[in-house]
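Pasting data00.cif here (mmCIF, C-alpha atoms):
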```
data_protein
loop_
_atom_site.group_PDB
_atom_site.id
_atom_site.type_symbol
_atom_site.label_atom_id
_atom_site.label_comp_id
_atom_site.auth_asym_id
_atom_site.auth_seq_id
_atom_site.Cartn_x
_atom_site.Cartn_y
_atom_site.Cartn_z
ATOM 1 C CA MET A 1 0.525 8.979 -42.829
ATOM 2 C CA ARG A 2 2.137 12.434 -42.872
ATOM 3 C CA ILE A 3 4.205 14.444 -40.434
ATOM 4 C CA LYS A 4 5.513 17.717 -41.778
ATOM 5 C CA GLY A 5 9.309 17.552 -41.763
ATOM 6 C CA SER A 6 9.528 14.020 -40.316
ATOM 7 C CA SER A 7 7.685 10.704 -39.907
ATOM 8 C CA ILE A 8 5.183 9.446 -37.342
ATOM 9 C CA ALA A 9 7.879 7.052 -36.123
ATOM 10 C CA SER A 10 9.839 9.929 -34.618
ATOM 11 C CA ILE A 11 7.099 10.440 -32.039
ATOM 12 C CA VAL A 12 8.982 9.320 -28.958
ATOM 13 C CA VAL A 13 7.112 8.324 -25.814
ATOM 14 C CA VAL A 14 8.249 6.955 -22.509
ATOM 15 C CA ALA A 15 6.370 3.682 -21.870
ATOM 16 C CA PHE A 16 4.145 0.976 -23.366
ATOM 17 C CA VAL A 17 0.580 2.056 -22.564
ATOM 18 C CA VAL A 18 -2.504 -0.083 -23.122
ATOM 19 C CA GLY A 19 -4.856 0.929 -20.283
ATOM 20 C CA LEU A 20 -5.939 -2.162 -18.330
ATOM 21 C CA VAL A 21 -7.361 -2.529 -14.776
ATOM 22 C CA GLY A 22 -6.937 -4.707 -11.667
ATOM 23 C CA PHE A 23 -4.801 -5.513 -8.565
ATOM 24 C CA ALA A 24 -1.551 -4.324 -6.986
ATOM 25 C CA THR A 25 1.697 -6.281 -7.009
ATOM 26 C CA PRO A 26 3.381 -7.269 -3.737
ATOM 27 C CA CYS A 27 5.943 -5.060 -2.042
ATOM 28 C CA PHE A 28 9.431 -6.432 -2.660
ATOM 29 C CA ALA A 29 11.306 -4.169 -0.281
ATOM 30 C CA ASP A 30 10.699 -6.214 2.855
ATOM 31 C CA GLU A 31 11.122 -9.712 1.395
ATOM 32 C CA GLY A 32 14.127 -11.740 2.523
ATOM 33 C CA LYS A 33 17.371 -10.409 3.932
ATOM 34 C CA THR A 34 18.781 -7.227 2.486
ATOM 35 C CA ALA A 35 22.358 -6.037 2.306
ATOM 36 C CA ASP A 36 23.308 -2.765 3.998
ATOM 37 C CA ALA A 37 22.285 -0.251 1.326
ATOM 38 C CA ALA A 38 23.557 2.815 3.197
ATOM 39 C CA GLN A 39 26.594 4.455 1.590
ATOM 40 C CA LYS A 40 26.560 2.087 -1.383
ATOM 41 C CA ALA A 41 26.537 3.893 -4.719
ATOM 42 C CA VAL A 42 24.235 3.101 -7.628
ATOM 43 C CA LEU A 43 24.038 4.636 -11.111
ATOM 44 C CA VAL A 44 20.515 5.203 -12.474
ATOM 45 C CA THR A 45 20.195 6.225 -16.124
ATOM 46 C CA GLY A 46 17.229 8.258 -17.326
ATOM 47 C CA ALA A 47 16.669 9.585 -13.804
ATOM 48 C CA SER A 48 14.970 12.874 -14.644
ATOM 49 C CA SER A 49 11.346 11.670 -14.716
ATOM 50 C CA GLY A 50 8.946 8.733 -14.529
ATOM 51 C CA ILE A 51 10.285 5.382 -13.347
ATOM 52 C CA GLY A 52 13.891 6.618 -13.250
ATOM 53 C CA LEU A 53 13.031 9.508 -10.932
ATOM 54 C CA LYS A 54 10.978 7.260 -8.665
ATOM 55 C CA ILE A 55 13.874 4.774 -8.442
ATOM 56 C CA THR A 56 16.213 7.645 -7.578
ATOM 57 C CA GLU A 57 13.853 8.858 -4.847
ATOM 58 C CA VAL A 58 13.387 5.428 -3.274
ATOM 59 C CA LEU A 59 17.096 4.563 -3.301
ATOM 60 C CA SER A 60 18.252 7.928 -1.975
ATOM 61 C CA GLU A 61 15.622 7.939 0.797
ATOM 62 C CA ARG A 62 17.030 4.592 1.981
ATOM 63 C CA GLY A 63 20.575 5.867 2.236
ATOM 64 C CA VAL A 64 21.896 4.769 -1.148
ATOM 65 C CA HIS A 65 24.070 7.343 -2.893
ATOM 66 C CA VAL A 66 22.565 7.699 -6.360
ATOM 67 C CA TYR A 67 24.453 8.889 -9.393
ATOM 68 C CA ALA A 68 21.471 10.140 -11.363
ATOM 69 C CA GLY A 69 21.965 10.311 -15.101
ATOM 70 C CA ALA A 70 20.124 13.008 -17.062
ATOM 71 C CA ARG A 71 20.645 15.068 -20.203
ATOM 72 C CA LYS A 72 19.219 18.546 -19.499
ATOM 73 C CA ASP A 73 20.855 21.146 -17.252
ATOM 74 C CA GLU A 74 17.606 21.959 -15.439
ATOM 75 C CA ASP A 75 17.115 18.279 -14.601
ATOM 76 C CA LEU A 76 20.707 17.962 -13.379
ATOM 77 C CA LYS A 77 20.239 20.929 -11.024
ATOM 78 C CA ARG A 78 16.976 19.506 -9.680
ATOM 79 C CA LEU A 79 18.557 16.098 -9.049
ATOM 80 C CA ASP A 80 21.570 17.657 -7.311
ATOM 81 C CA ALA A 81 19.210 19.336 -4.841
ATOM 82 C CA MET A 82 18.077 15.917 -3.549
ATOM 83 C CA ASP A 83 19.751 14.296 -0.548
ATOM 84 C CA ASN A 84 22.180 11.462 -1.375
ATOM 85 C CA VAL A 85 22.054 12.284 -5.090
ATOM 86 C CA THR A 86 24.818 13.423 -7.438
ATOM 87 C CA SER A 87 23.702 14.278 -10.929
ATOM 88 C CA VAL A 88 25.685 13.014 -13.901
ATOM 89 C CA LYS A 89 25.303 14.464 -17.380
ATOM 90 C CA LEU A 90 24.664 11.306 -19.322
ATOM 91 C CA ASP A 91 23.175 10.559 -22.704
ATOM 92 C CA VAL A 92 23.415 6.806 -23.287
ATOM 93 C CA ASN A 93 23.975 7.490 -27.001
ATOM 94 C CA ILE A 94 27.043 9.703 -26.474
ATOM 95 C CA GLN A 95 30.212 7.752 -25.678
ATOM 96 C CA SER A 96 32.140 10.846 -24.580
ATOM 97 C CA GLU A 97 29.537 11.543 -21.889
ATOM 98 C CA ILE A 98 29.658 7.917 -20.751
ATOM 99 C CA ASP A 99 33.460 8.075 -20.515
ATOM 100 C CA ALA A 100 33.271 11.341 -18.570
ATOM 101 C CA ALA A 101 30.730 9.807 -16.170
ATOM 102 C CA VAL A 102 33.053 6.855 -15.511
ATOM 103 C CA LYS A 103 35.902 9.261 -14.697
ATOM 104 C CA LYS A 104 33.690 11.381 -12.429
ATOM 105 C CA ILE A 105 32.308 8.443 -10.454
ATOM 106 C CA THR A 106 35.725 6.809 -10.164
ATOM 107 C CA ALA A 107 37.298 10.062 -8.937
ATOM 108 C CA GLU A 108 34.693 10.500 -6.201
ATOM 109 C CA GLY A 109 36.001 7.368 -4.506
ATOM 110 C CA ARG A 110 32.747 5.737 -3.426
ATOM 111 C CA GLY A 111 33.078 2.956 -5.920
ATOM 112 C CA LEU A 112 29.966 1.712 -7.710
ATOM 113 C CA TYR A 113 27.853 -1.098 -6.310
ATOM 114 C CA GLY A 114 25.071 -1.131 -8.861
ATOM 115 C CA ILE A 115 23.785 -0.086 -12.260
ATOM 116 C CA VAL A 116 20.126 0.503 -13.097
ATOM 117 C CA ASN A 117 19.740 0.640 -16.884
ATOM 118 C CA ASN A 118 16.515 2.620 -17.017
ATOM 119 C CA ALA A 119 16.880 5.148 -19.851
ATOM 120 C CA GLY A 120 14.540 4.280 -22.687
ATOM 121 C CA VAL A 121 12.156 5.574 -25.326
ATOM 122 C CA ALA A 122 9.302 4.121 -27.352
ATOM 123 C CA ILE A 123 8.206 4.704 -30.901
ATOM 124 C CA VAL A 124 4.575 4.259 -31.880
ATOM 125 C CA ALA A 125 4.421 3.207 -35.519
ATOM 126 C CA PRO A 126 3.437 0.298 -37.788
ATOM 127 C CA LEU A 127 6.430 -1.870 -38.711
ATOM 128 C CA ILE A 128 5.812 -1.525 -42.444
ATOM 129 C CA GLU A 129 5.707 2.284 -42.169
ATOM 130 C CA VAL A 130 8.337 3.128 -39.567
ATOM 131 C CA GLU A 131 11.374 4.914 -40.987
ATOM 132 C CA GLU A 132 14.679 3.080 -40.638
ATOM 133 C CA ASP A 133 16.437 5.985 -38.934
ATOM 134 C CA ASP A 134 13.658 6.185 -36.345
ATOM 135 C CA LEU A 135 13.905 2.444 -35.697
ATOM 136 C CA GLN A 136 17.679 2.867 -35.387
ATOM 137 C CA PHE A 137 17.165 5.580 -32.762
ATOM 138 C CA GLN A 138 14.857 3.248 -30.837
ATOM 139 C CA MET A 139 17.526 0.532 -30.904
ATOM 140 C CA ASP A 140 20.334 2.944 -29.999
ATOM 141 C CA VAL A 141 18.657 4.029 -26.768
ATOM 142 C CA ASN A 142 16.933 0.849 -25.590
ATOM 143 C CA VAL A 143 19.435 -1.805 -26.707
ATOM 144 C CA PHE A 144 22.814 -0.177 -27.283
ATOM 145 C CA GLY A 145 22.267 2.154 -24.313
ATOM 146 C CA PRO A 146 22.334 -0.624 -21.674
ATOM 147 C CA TYR A 147 25.167 -2.298 -23.584
ATOM 148 C CA ARG A 148 27.289 0.869 -23.566
ATOM 149 C CA ILE A 149 26.580 1.740 -19.929
ATOM 150 C CA THR A 150 27.140 -1.770 -18.581
ATOM 151 C CA LYS A 151 30.341 -2.254 -20.576
ATOM 152 C CA ALA A 152 31.756 1.074 -19.386
ATOM 153 C CA PHE A 153 30.913 0.654 -15.699
ATOM 154 C CA ALA A 154 31.395 -3.132 -15.401
ATOM 155 C CA PRO A 155 34.919 -2.879 -13.904
ATOM 156 C CA LEU A 156 33.617 -0.762 -11.003
ATOM 157 C CA VAL A 157 30.679 -3.100 -10.342
ATOM 158 C CA ILE A 158 32.914 -6.182 -10.561
ATOM 159 C CA GLU A 159 35.267 -4.613 -8.028
ATOM 160 C CA SER A 160 32.288 -4.147 -5.668
ATOM 161 C CA LYS A 161 30.823 -7.598 -6.401
ATOM 162 C CA GLY A 162 27.618 -5.681 -6.952
ATOM 163 C CA ARG A 163 24.445 -5.816 -9.001
ATOM 164 C CA ILE A 164 23.226 -4.920 -12.497
ATOM 165 C CA THR A 165 19.526 -4.310 -13.067
ATOM 166 C CA THR A 166 17.890 -3.463 -16.373
ATOM 167 C CA ILE A 167 14.388 -2.073 -16.807
ATOM 168 C CA GLY A 168 12.707 -4.212 -19.419
ATOM 169 C CA SER A 169 8.943 -4.373 -19.950
ATOM 170 C CA ILE A 170 6.123 -6.883 -20.182
ATOM 171 C CA SER A 171 6.145 -5.848 -23.830
ATOM 172 C CA GLY A 172 9.351 -7.843 -24.088
ATOM 173 C CA ILE A 173 6.943 -10.788 -23.875
ATOM 174 C CA LEU A 174 3.860 -9.173 -25.394
ATOM 175 C CA SER A 175 3.594 -7.215 -28.612
ATOM 176 C CA GLY A 176 0.898 -5.937 -30.903
ATOM 177 C CA THR A 177 -0.127 -3.434 -33.529
ATOM 178 C CA LEU A 178 1.959 -0.220 -33.451
ATOM 179 C CA PHE A 179 4.261 -1.364 -30.629
ATOM 180 C CA GLY A 180 6.574 -3.531 -32.732
ATOM 181 C CA PRO A 181 9.585 -1.181 -32.590
ATOM 182 C CA TYR A 182 9.388 -0.885 -28.800
ATOM 183 C CA SER A 183 8.700 -4.577 -28.195
ATOM 184 C CA MET A 184 11.656 -5.561 -30.388
ATOM 185 C CA THR A 185 14.010 -3.646 -28.100
ATOM 186 C CA LYS A 186 12.523 -4.988 -24.877
ATOM 187 C CA HIS A 187 12.578 -8.548 -26.203
ATOM 188 C CA ALA A 188 16.280 -7.992 -26.917
ATOM 189 C CA MET A 189 16.739 -7.073 -23.252
ATOM 190 C CA GLU A 190 15.418 -10.506 -22.275
ATOM 191 C CA ALA A 191 18.306 -12.153 -24.119
ATOM 192 C CA TYR A 192 20.757 -9.535 -22.910
ATOM 193 C CA ALA A 193 19.889 -10.115 -19.257
ATOM 194 C CA ASP A 194 20.041 -13.907 -19.591
ATOM 195 C CA SER A 195 23.499 -13.891 -21.176
ATOM 196 C CA LEU A 196 24.845 -11.161 -18.914
ATOM 197 C CA ALA A 197 23.685 -13.042 -15.816
ATOM 198 C CA ARG A 198 25.641 -16.131 -16.837
ATOM 199 C CA GLU A 199 28.721 -14.159 -17.823
ATOM 200 C CA MET A 200 28.819 -12.172 -14.564
ATOM 201 C CA GLU A 201 28.531 -15.221 -12.314
ATOM 202 C CA ARG A 202 32.321 -15.695 -12.297
ATOM 203 C CA PHE A 203 32.667 -12.207 -10.777
ATOM 204 C CA ASP A 204 29.973 -12.718 -8.099
ATOM 205 C CA VAL A 205 27.884 -9.985 -9.741
ATOM 206 C CA LYS A 206 24.146 -10.677 -9.828
ATOM 207 C CA VAL A 207 21.955 -9.571 -12.730
ATOM 208 C CA SER A 208 18.196 -8.967 -12.837
ATOM 209 C CA ILE A 209 15.629 -7.608 -15.248
ATOM 210 C CA VAL A 210 12.587 -5.690 -13.980
ATOM 211 C CA GLU A 211 9.615 -5.859 -16.351
ATOM 212 C CA PRO A 212 6.971 -3.225 -15.620
ATOM 213 C CA GLY A 213 3.464 -3.029 -16.962
ATOM 214 C CA ASN A 214 1.686 0.299 -17.379
ATOM 215 C CA TYR A 215 2.348 3.032 -14.835
ATOM 216 C CA LYS A 216 1.734 6.757 -14.694
ATOM 217 C CA SER A 217 3.825 9.065 -16.840
ATOM 218 C CA LYS A 218 3.554 12.332 -18.753
ATOM 219 C CA ILE A 219 3.246 10.389 -21.941
ATOM 220 C CA GLY A 220 0.026 12.026 -23.121
ATOM 221 C CA GLN A 221 1.332 15.568 -22.648
ATOM 222 C CA THR A 222 4.661 14.719 -24.278
ATOM 223 C CA LEU A 223 3.001 13.146 -27.274
ATOM 224 C CA LYS A 224 0.567 16.037 -27.742
ATOM 225 C CA LYS A 225 3.444 18.515 -27.776
ATOM 226 C CA ARG A 226 5.282 16.491 -30.390
ATOM 227 C CA LEU A 227 2.205 16.093 -32.547
ATOM 228 C CA ASP A 228 1.487 19.820 -32.377
ATOM 229 C CA ALA A 229 5.100 20.684 -33.191
ATOM 230 C CA LYS A 230 5.231 18.337 -36.191
ATOM 231 C CA GLY A 231 1.761 19.016 -37.547
ATOM 232 C CA ALA A 232 1.033 15.293 -37.631
ATOM 233 C CA ASP A 233 -1.830 13.565 -39.352
ATOM 234 C CA PHE A 234 -2.430 9.915 -40.221
ATOM 235 C CA GLU A 235 -4.358 10.256 -43.459
ATOM 236 C CA ASP A 236 -1.861 8.297 -45.534
ATOM 237 C CA SER A 237 -1.405 5.469 -43.053
ATOM 238 C CA ALA A 238 -2.933 2.036 -43.591
ATOM 239 C CA TYR A 239 -3.314 2.063 -39.789
ATOM 240 C CA ARG A 240 -5.037 5.429 -39.438
ATOM 241 C CA GLU A 241 -7.821 4.189 -37.153
ATOM 242 C CA GLU A 242 -5.407 2.309 -34.875
ATOM 243 C CA MET A 243 -3.134 5.347 -34.622
ATOM 244 C CA GLU A 244 -6.015 7.640 -33.715
ATOM 245 C CA ARG A 245 -7.277 5.214 -31.068
ATOM 246 C CA MET A 246 -3.784 4.890 -29.644
ATOM 247 C CA MET A 247 -3.423 8.648 -29.395
ATOM 248 C CA ALA A 248 -6.639 8.759 -27.382
ATOM 249 C CA ARG A 249 -5.398 6.017 -25.034
ATOM 250 C CA LEU A 250 -2.078 7.722 -24.467
ATOM 251 C CA GLY A 251 -3.906 10.770 -23.199
ATOM 252 C CA GLN A 252 -5.309 8.671 -20.337
ATOM 253 C CA ALA A 253 -1.867 7.860 -18.845
ATOM 254 C CA ASP A 254 -2.319 10.219 -15.884
ATOM 255 C CA GLU A 255 -5.073 7.925 -14.570
ATOM 256 C CA GLN A 256 -2.570 5.105 -14.040
ATOM 257 C CA LYS A 257 -0.720 4.196 -10.846
ATOM 258 C CA ASP A 258 2.535 5.769 -9.737
ATOM 259 C CA PRO A 259 5.548 3.465 -10.340
ATOM 260 C CA ASP A 260 6.305 2.915 -6.628
ATOM 261 C CA GLU A 261 6.145 -0.875 -7.061
ATOM 262 C CA VAL A 262 8.716 -0.756 -9.846
ATOM 263 C CA ALA A 263 11.144 1.163 -7.626
ATOM 264 C CA GLN A 264 10.565 -1.334 -4.799
ATOM 265 C CA ALA A 265 11.396 -4.196 -7.165
ATOM 266 C CA VAL A 266 14.605 -2.447 -8.207
ATOM 267 C CA TYR A 267 15.603 -2.000 -4.551
ATOM 268 C CA HIS A 268 14.977 -5.708 -3.968
ATOM 269 C CA ALA A 269 17.040 -6.642 -7.034
ATOM 270 C CA LEU A 270 19.930 -4.482 -5.859
ATOM 271 C CA PHE A 271 20.040 -5.329 -2.170
ATOM 272 C CA ASP A 272 18.174 -8.526 -1.333
ATOM 273 C CA GLU A 273 20.373 -11.479 -0.371
ATOM 274 C CA ASN A 274 18.578 -13.599 -3.002
ATOM 275 C CA PRO A 275 17.468 -11.318 -5.845
ATOM 276 C CA LYS A 276 15.142 -12.655 -8.502
ATOM 277 C CA MET A 277 16.293 -12.972 -12.094
ATOM 278 C CA ARG A 278 12.991 -11.560 -13.343
ATOM 279 C CA TYR A 279 10.505 -9.202 -11.712
ATOM 280 C CA MET A 280 7.155 -8.847 -13.459
ATOM 281 C CA VAL A 281 5.748 -5.680 -11.876
ATOM 282 C CA VAL A 282 2.249 -4.833 -13.054
ATOM 283 C CA PRO A 283 -0.491 -2.641 -11.595
ATOM 284 C CA ASN A 284 -3.288 -5.152 -12.057
ATOM 285 C CA GLU A 285 -4.119 -8.831 -12.406
ATOM 286 C CA ARG A 286 -5.167 -8.588 -16.050
ATOM 287 C CA GLN A 287 -1.705 -7.482 -17.166
ATOM 288 C CA ALA A 288 -0.133 -10.369 -15.247
ATOM 289 C CA GLU A 289 -2.576 -12.820 -16.802
ATOM 290 C CA ILE A 290 -2.002 -11.782 -20.410
ATOM 291 C CA THR A 291 1.785 -11.741 -19.948
ATOM 292 C CA ILE A 292 1.983 -15.245 -18.481
ATOM 293 C CA ALA A 293 -0.592 -16.522 -20.980
ATOM 294 C CA LYS A 294 1.528 -15.204 -23.847
ATOM 295 C CA ALA A 295 4.641 -16.952 -22.501
ATOM 296 C CA ILE A 296 2.665 -20.197 -22.244
ATOM 297 C CA GLN A 297 1.280 -19.738 -25.766
ATOM 298 C CA GLU A 298 4.787 -19.404 -27.176
ATOM 299 C CA THR A 299 5.835 -22.605 -25.395
ATOM 300 C CA VAL A 300 2.853 -24.430 -26.885
ATOM 301 C CA GLN A 301 3.641 -23.081 -30.349
ATOM 302 C CA LEU A 302 7.279 -24.142 -30.056
ATOM 303 C CA ASN A 303 6.165 -27.636 -29.071
ATOM 304 C CA HIS A 304 3.207 -28.141 -31.426
ATOM 305 C CA ASP A 305 3.697 -30.628 -34.267
ATOM 306 C CA GLN A 306 7.475 -30.249 -34.276
ATOM 307 C CA PRO A 307 10.018 -33.010 -35.033
ATOM 308 C CA TYR A 308 10.767 -33.260 -31.308
ATOM 309 C CA SER A 309 7.522 -32.470 -29.530
ATOM 310 C CA PHE A 310 6.710 -33.365 -25.927
ATOM 311 C CA THR A 311 3.486 -34.786 -24.516
ATOM 312 C CA ARG A 312 1.280 -32.900 -22.093
ATOM 313 C CA GLU A 313 2.581 -35.060 -19.256
ATOM 314 C CA GLU A 314 6.179 -34.321 -20.205
ATOM 315 C CA LEU A 315 5.480 -30.595 -20.376
ATOM 316 C CA ILE A 316 3.846 -30.673 -16.933
ATOM 317 C CA LYS A 317 6.877 -32.510 -15.572
ATOM 318 C CA MET A 318 9.139 -29.779 -16.984
ATOM 319 C CA LEU A 319 6.952 -27.125 -15.364
ATOM 320 C CA ASP A 320 7.043 -28.913 -12.009
ATOM 321 C CA GLU A 321 10.832 -29.181 -12.198
ATOM 322 C CA ALA A 322 11.149 -25.487 -13.015
ATOM 323 C CA LEU A 323 8.855 -24.556 -10.116
ATOM 324 C CA GLU A 324 10.863 -26.756 -7.777
ATOM 325 C CA GLU A 325 14.148 -25.244 -8.935
ATOM 326 C CA ILE A 326 13.017 -21.632 -8.500
ATOM 327 C CA GLY A 327 11.646 -22.446 -5.049
ATOM 328 C CA LYS A 328 15.022 -23.624 -3.736
#
```
Please render this file's structure as structure tokens.
Amino acid sequence: MRIKGSSIASIVVVAFVVGLVGFATPCFADEGKTADAAQKAVLVTGASSGIGLKITEVLSERGVHVYAGARKDEDLKRLDAMDNVTSVKLDVNIQSEIDAAVKKITAEGRGLYGIVNNAGVAIVAPLIEVEEDDLQFQMDVNVFGPYRITKAFAPLVIESKGRITTIGSISGILSGTLFGPYSMTKHAMEAYADSLAREMERFDVKVSIVEPGNYKSKIGQTLKKRLDAKGADFEDSAYREEMERMMARLGQADEQKDPDEVAQAVYHALFDENPKMRYMVVPNERQAEITIAKAIQETVQLNHDQPYSFTREELIKMLDEALEEIGK
């Protein structure tokens, strides 16, 4: 596989795209009792496009003051033009920008009720061919980014007894050929959210992870520009056919649904009286089915022919107990 001046792993895209079909997820915004969102302040990272922009739009339209993180000046100006939005120059990989954002938000005096860790990238590459520096970049944004942001802004959120929400992905459960680098980071977010939720309990701060499936983005256009700029080909890759098929699929992203349901789930996580720990938000039934089936398969594999295995009846009892607990 050859890319003039770089490697195929430096092709950065915005979401995990497979291209499946089906039904719509429920609207979360009207479930249960919600706290008064008006005048509360929430930081959204990666707010310039895609899911981050949609979250910013939904929150600001409902009276939330959004601190919208973005990197480019033109995006910052566009975000500032929106009602109830203050742009914040914020690259989750640059500590000095994070520190400056903390000072800016603190100085404005609104406090900070919530964090939405949305900024993320994806690398499309086989695990045995991806360059280490490209994999490091993937980890820096998707894993260390939420860590840096949450650590920096935690005192403000603790003071507000607020909420922390991270955008994960169903590919934190699923994975497959070419998506290993991305899935590794989203699987890490599963552990991050679980531990953070327990650790923040003592401060009355609630933590959730929102796990989207495949929604509309400019992924095809972005990828084409990068390929053209780098003069990419896949002739030397052992996965040439898979890479070429994936490039064709990525070009179909505009046919997918807008991420309205993801933004609704985020609003629910931030302001519902009883937020969920996990929100699987997918545009169709097939994506829900394969995600849950994969989680079940892993449970079966963990249990199969192990020193301490459980019978089918015991497993069903565990499932019933878990269903009862989550229904309380």
Of the listed residues A:Glu321, A:Ser175, A:His65, A:Asn142, that which approaches Glu108 of chain A most closely, counting all atoms listed in the file: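 The closest residue to Glu108 of chain A is A:His65.
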For this structure, which residues satisfy the selection - the PyMOL selection byres ((chain A and resi 66) around 8) - when it is evaluated on the file as given? I want them as number ranges by chain. A: 41-44, 56, 59-60, 64-65, 67-68, 84-86
Quick one, how far is atom CA of Gly50 of chain A from atom CA of Pro283 of chain A? 15.1 Å
Which neighbours of Val58 of chain A fall inside 10 Å, counting only C-alpha atoms, when residues of the same chain fewer than 3 positions from it are skipped, and could you give them as a ChimeraX atom specification? /A:53-55,61-64,66,260,263-264,266-267
Have a look at A:Ile128, A:Phe203, A:Ile209, A:Ser87 and name the one nearest to Ser160 of chain A; count only C-alpha atoms.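 Distance minimum relative to Ser160 of chain A lands on A:Phe203.
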May I ask for the distance between atom CA of Leu270 of chain A and atom CA of Ile123 of chain A, given in Å to one decimal place? 29.1 Å
Non-local contacts of Asp140 of chain A (12 Å; only C-alpha atoms; under 6 positions in same chain excluded) as an MDAnalysis selection string: chainID A and resid 91:95 119:122 133:134 146:149 181:182 185
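Using all atoms listed in the file, the smallest distance between any of A:Leu178, A:Val102, A:Ile158, A:Ile51 and Arg240 of chain A comes from A:Leu178.
Distances from A:Glu57, A:Asp36, A:Glu131, A:Glu97 to Pro259 of chain A were compared using only C-alpha atoms, and the smallest one belongs to A:Glu57.
Interatomic distance, atom CA of Leu156 of chain A to atom CA of Glu74 of chain A: 28.1 Å.
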Fix up segment 255-266 of chain A with N, CA and C atoms, then write it as a short mmCIF file (atom, residue, chain, number, x, y, z; two decimals), keeping the file's coordinate frame.
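After the write, result.cif holds the following:
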```cif
data_model
loop_
_atom_site.label_atom_id
_atom_site.label_comp_id
_atom_site.auth_asym_id
_atom_site.auth_seq_id
_atom_site.Cartn_x
_atom_site.Cartn_y
_atom_site.Cartn_z
N GLU A 255 -4.16 8.68 -15.43
CA GLU A 255 -5.07 7.92 -14.57
C GLU A 255 -4.41 6.65 -14.03
N GLN A 256 -3.22 6.33 -14.46
CA GLN A 256 -2.57 5.11 -14.04
C GLN A 256 -1.85 5.29 -12.71
N LYS A 257 -1.38 4.19 -12.14
CA LYS A 257 -0.72 4.20 -10.85
C LYS A 257 0.69 4.76 -10.94
N ASP A 258 1.14 5.35 -9.83
CA ASP A 258 2.54 5.77 -9.74
C ASP A 258 3.43 4.52 -9.73
N PRO A 259 4.68 4.64 -10.21
CA PRO A 259 5.55 3.46 -10.34
C PRO A 259 6.29 3.08 -9.06
N ASP A 260 5.66 3.27 -7.89
CA ASP A 260 6.30 2.92 -6.63
C ASP A 260 6.72 1.45 -6.60
N GLU A 261 5.87 0.56 -7.11
CA GLU A 261 6.14 -0.88 -7.06
C GLU A 261 7.35 -1.24 -7.91
N VAL A 262 7.56 -0.51 -9.00
CA VAL A 262 8.72 -0.76 -9.85
C VAL A 262 9.99 -0.40 -9.08
N ALA A 263 9.98 0.75 -8.40
CA ALA A 263 11.14 1.16 -7.63
C ALA A 263 11.43 0.19 -6.49
N GLN A 264 10.39 -0.34 -5.86
CA GLN A 264 10.56 -1.33 -4.80
C GLN A 264 11.22 -2.60 -5.35
N ALA A 265 10.80 -3.01 -6.54
CA ALA A 265 11.40 -4.20 -7.16
C ALA A 265 12.87 -3.97 -7.47
N VAL A 266 13.21 -2.77 -7.93
CA VAL A 266 14.60 -2.45 -8.21
C VAL A 266 15.43 -2.50 -6.92
#
```
